[in-house]
$ cat coords.txt   # compact mmCIF, C-alpha atoms
# COMPACT_ATOMS: atom_id res chain seq x y z
CA MET A 37 13.04 -1.15 12.97
CA ALA A 38 11.15 -2.17 9.89
CA LYS A 39 7.95 -4.11 10.38
CA ASN A 40 7.27 -7.38 8.59
CA LYS A 41 5.03 -7.25 5.57
CA GLY A 42 1.61 -8.33 6.70
CA VAL A 43 -0.80 -10.64 5.01
CA ARG A 44 -3.05 -7.75 3.97
CA ILE A 45 -1.74 -5.50 1.19
CA THR A 46 -3.14 -2.36 -0.41
CA VAL A 47 -4.03 -2.74 -4.09
CA THR A 48 -5.19 -0.26 -6.74
CA LEU A 49 -8.21 -0.98 -8.95
CA GLU A 50 -8.44 0.70 -12.37
CA CYS A 51 -11.41 0.96 -14.74
CA THR A 52 -11.06 -1.32 -17.77
CA GLU A 53 -13.45 0.73 -19.94
CA CYS A 54 -11.53 4.01 -19.52
CA ARG A 55 -8.20 2.36 -20.19
CA SER A 56 -9.32 0.68 -23.44
CA ASN A 57 -11.54 3.48 -24.85
CA PRO A 58 -9.64 6.60 -26.01
CA ALA A 59 -12.85 8.32 -27.22
CA LYS A 60 -14.45 8.84 -23.82
CA ARG A 61 -16.09 12.08 -22.73
CA SER A 62 -13.45 13.22 -20.21
CA PRO A 63 -9.74 12.62 -19.70
CA GLY A 64 -8.59 10.42 -16.85
CA VAL A 65 -9.02 6.94 -15.50
CA SER A 66 -11.10 5.95 -12.48
CA ARG A 67 -9.02 4.36 -9.70
CA TYR A 68 -9.95 2.93 -6.32
CA THR A 69 -7.76 1.54 -3.54
CA THR A 70 -8.67 -1.41 -1.35
CA LYS A 71 -6.99 -4.09 0.73
CA LYS A 72 -6.81 -7.79 0.02
CA ASN A 73 -5.48 -10.84 1.83
CA ARG A 74 -2.59 -12.15 -0.25
CA ARG A 75 -2.83 -15.67 1.20
CA ASN A 76 -6.52 -16.16 0.38
CA THR A 77 -6.66 -14.17 -2.88
CA THR A 78 -3.52 -14.81 -4.90
CA ALA A 79 -5.09 -13.91 -8.26
CA ARG A 80 -5.70 -10.34 -9.41
CA LEU A 81 -8.81 -8.77 -7.94
CA GLU A 82 -11.78 -7.73 -10.14
CA LEU A 83 -14.68 -5.74 -8.70
CA LYS A 84 -17.62 -3.93 -10.25
CA LYS A 85 -17.38 -0.28 -9.14
CA PHE A 86 -18.83 3.05 -10.27
CA CYS A 87 -16.71 4.98 -12.78
CA PRO A 88 -17.46 8.73 -12.85
CA HIS A 89 -15.79 9.07 -16.28
CA CYS A 90 -17.95 6.36 -17.89
CA ASN A 91 -20.93 7.34 -15.69
CA SER A 92 -21.79 3.68 -15.07
CA HIS A 93 -20.77 0.62 -13.08
CA THR A 94 -17.85 -1.12 -14.80
CA ILE A 95 -15.29 -3.79 -14.03
CA HIS A 96 -12.23 -2.48 -12.19
CA LYS A 97 -9.13 -4.70 -12.26
CA GLU A 98 -6.13 -4.72 -9.98
CA ILE A 99 -3.01 -3.02 -11.36
CA LYS A 100 0.54 -3.23 -10.17

$ encode --input "coords.txt" --output "structure tokens"
Amino acid sequence: MAKNKGVRITVTLECTECRSNPAKRSPGVSRYTTKKNRRNTTARLELKKFCPHCNSHTIHKEIK
């Protein structure tokens, strides 16, 4: 039997600097996975995380 979808879902966070800057030092985009409560946080999640490609802390936004 299939279980019901819970309140907590797994989301993927992607670096905004790597996605918008084609002239970065290495190919690839930094991605993190985390969980969020879809009832409490209906908007897209934005967290400041470390990006190894940019070598700094940047904003990571939730992608589909």

$ residues_around --input "coords.txt" --residues "A:Leu81" --least-positions-apart "3" --cutoff "8 Å" --atoms "all atoms listed in the file" --output "list in words"
Leu49, Thr77, Lys97 and Glu98 of chain A

$ closest_residue --input "coords.txt" --among "A:Val47, A:Cys87, A:Cys54, A:Val65" --to "A:Ile99" --atoms "all atoms listed in the file"
A:Val47

$ residues_around --input "coords.txt" --residues "A:Arg44" --least-positions-apart "3" --cutoff "9 Å" --atoms "all atoms listed in the file" --output "number ranges by chain"
A: 41, 71-75

$ atom_distance --input "coords.txt" --atom1 "atom CA of A:Glu53" --atom2 "atom CA of A:Phe86"
11.3 Å

$ residues_around --input "coords.txt" --residues "A:His96" --least-positions-apart "2" --cutoff "7 Å" --atoms "all atoms listed in the file" --output "compact mmCIF listing (two decimals) with C-alpha atoms, in the coordinates of the input"
# COMPACT_ATOMS: atom_id res chain seq x y z
CA LEU A 49 -8.21 -0.98 -8.95
CA GLU A 50 -8.44 0.70 -12.37
CA CYS A 51 -11.41 0.96 -14.74
CA THR A 52 -11.06 -1.32 -17.77
CA GLU A 82 -11.78 -7.73 -10.14
CA LEU A 83 -14.68 -5.74 -8.70
CA LYS A 84 -17.62 -3.93 -10.25
CA LYS A 85 -17.38 -0.28 -9.14
CA THR A 94 -17.85 -1.12 -14.80
CA GLU A 98 -6.13 -4.72 -9.98

$ atom_distance --input "coords.txt" --atom1 "atom CA of A:Tyr68" --atom2 "atom CA of A:Thr48"
5.7 Å

$ atom_distance --input "coords.txt" --atom1 "atom CA of A:Asn91" --atom2 "atom CA of A:Ser56"
15.5 Å
